[in-house]
Amino acid sequence: MTQAENLTKRPLFTSALGKRMLIGAIIGLIIVGFFVIGAGNGNPEWPSNWRVKPLLLTPFLGAMIGLCFDITEPLRQMNGWLGRAFWILSILGYFIGLWLSLILGLNGTMWN
């Protein structure tokens with residue numbers, strides 16, 4: 001019976017996908033907003049609409065990180081130490097992805 005239970009088809013996305021993507025986008029928007037507001041007018045060498053790129057790109061990438069977090073849900077539901085290891089790896093991957101989205105969003109302005 002164990003083999004038949006393992007063959008059941010699982011959906012690729014969970015029902016919490018939208019919520020996870022929205023949370024990722026909001027966290028990205030809050031963090032990049034802190035940097036954009038803190039910059040004031042910015043460097044005169046930057047283009048006049050330099051704020052658009054980070055305010056659009058970072059929340060979008062935050063939503064994609066939420067999507068990746070949702071896809072790894074079956075791995076985090078495993079029993080034992082392997083499930084806990086995937087929880088830690090998922091959280092670590094989320095923060096690394098958020099850091100990279102900030103770098104990509106602010107590339108060309110605050111990070112050259």
# chains A, B, ... in the order shown; residues from 1 in each chain; ligands from 1
>>> closest_atom_pairs(of="range 13-71 of chain A", to="range 79-103 of chain A", cutoff="12 Å", atoms="only C-alpha atoms", output="Markdown table")
| residue | atom | partner | partner_atom | distance |
| --- | --- | --- | --- | --- |
| A:Arg20 | CA | A:Tyr94 | CA | 11.4 |
| A:Met21 | CA | A:Tyr94 | CA | 11.8 |
| A:Ile23 | CA | A:Tyr94 | CA | 11.7 |
| A:Gly24 | CA | A:Leu98 | CA | 8.5 |
| A:Ala25 | CA | A:Leu98 | CA | 9.8 |
| A:Ile26 | CA | A:Leu98 | CA | 11.4 |
| A:Ile27 | CA | A:Leu98 | CA | 8.7 |
| A:Gly28 | CA | A:Leu98 | CA | 6.9 |
| A:Leu29 | CA | A:Leu102 | CA | 9.7 |
| A:Ile30 | CA | A:Leu102 | CA | 11.0 |
| A:Ile31 | CA | A:Leu102 | CA | 8.1 |
| A:Val32 | CA | A:Leu102 | CA | 6.6 |
| A:Gly33 | CA | A:Leu102 | CA | 10.4 |
| A:Phe34 | CA | A:Leu102 | CA | 11.1 |
| A:Phe35 | CA | A:Leu102 | CA | 9.4 |
| A:Val36 | CA | A:Leu102 | CA | 10.9 |
| A:Lys53 | CA | A:Leu102 | CA | 10.7 |
| A:Pro54 | CA | A:Leu102 | CA | 7.5 |
| A:Leu55 | CA | A:Leu102 | CA | 9.8 |
| A:Leu56 | CA | A:Ser101 | CA | 10.7 |
| A:Leu57 | CA | A:Ser101 | CA | 7.5 |
| A:Thr58 | CA | A:Ser101 | CA | 5.2 |
| A:Pro59 | CA | A:Ser101 | CA | 8.2 |
| A:Phe60 | CA | A:Ser101 | CA | 8.7 |
| A:Leu61 | CA | A:Ser101 | CA | 5.9 |
| A:Gly62 | CA | A:Leu98 | CA | 6.2 |
| A:Ala63 | CA | A:Leu98 | CA | 9.8 |
| A:Met64 | CA | A:Gly97 | CA | 9.1 |
| A:Ile65 | CA | A:Tyr94 | CA | 6.3 |
| A:Gly66 | CA | A:Tyr94 | CA | 7.9 |
| A:Leu67 | CA | A:Tyr94 | CA | 10.4 |
| A:Cys68 | CA | A:Tyr94 | CA | 8.6 |
| A:Phe69 | CA | A:Ser90 | CA | 6.5 |
| A:Asp70 | CA | A:Ser90 | CA | 9.7 |
| A:Ile71 | CA | A:Ser90 | CA | 10.4 |
>>> closest_residue(among="A:Thr14, A:Met78, A:Leu104, A:Arg51", to="Ile37 in chain A", atoms="only C-alpha atoms")
A:Arg51
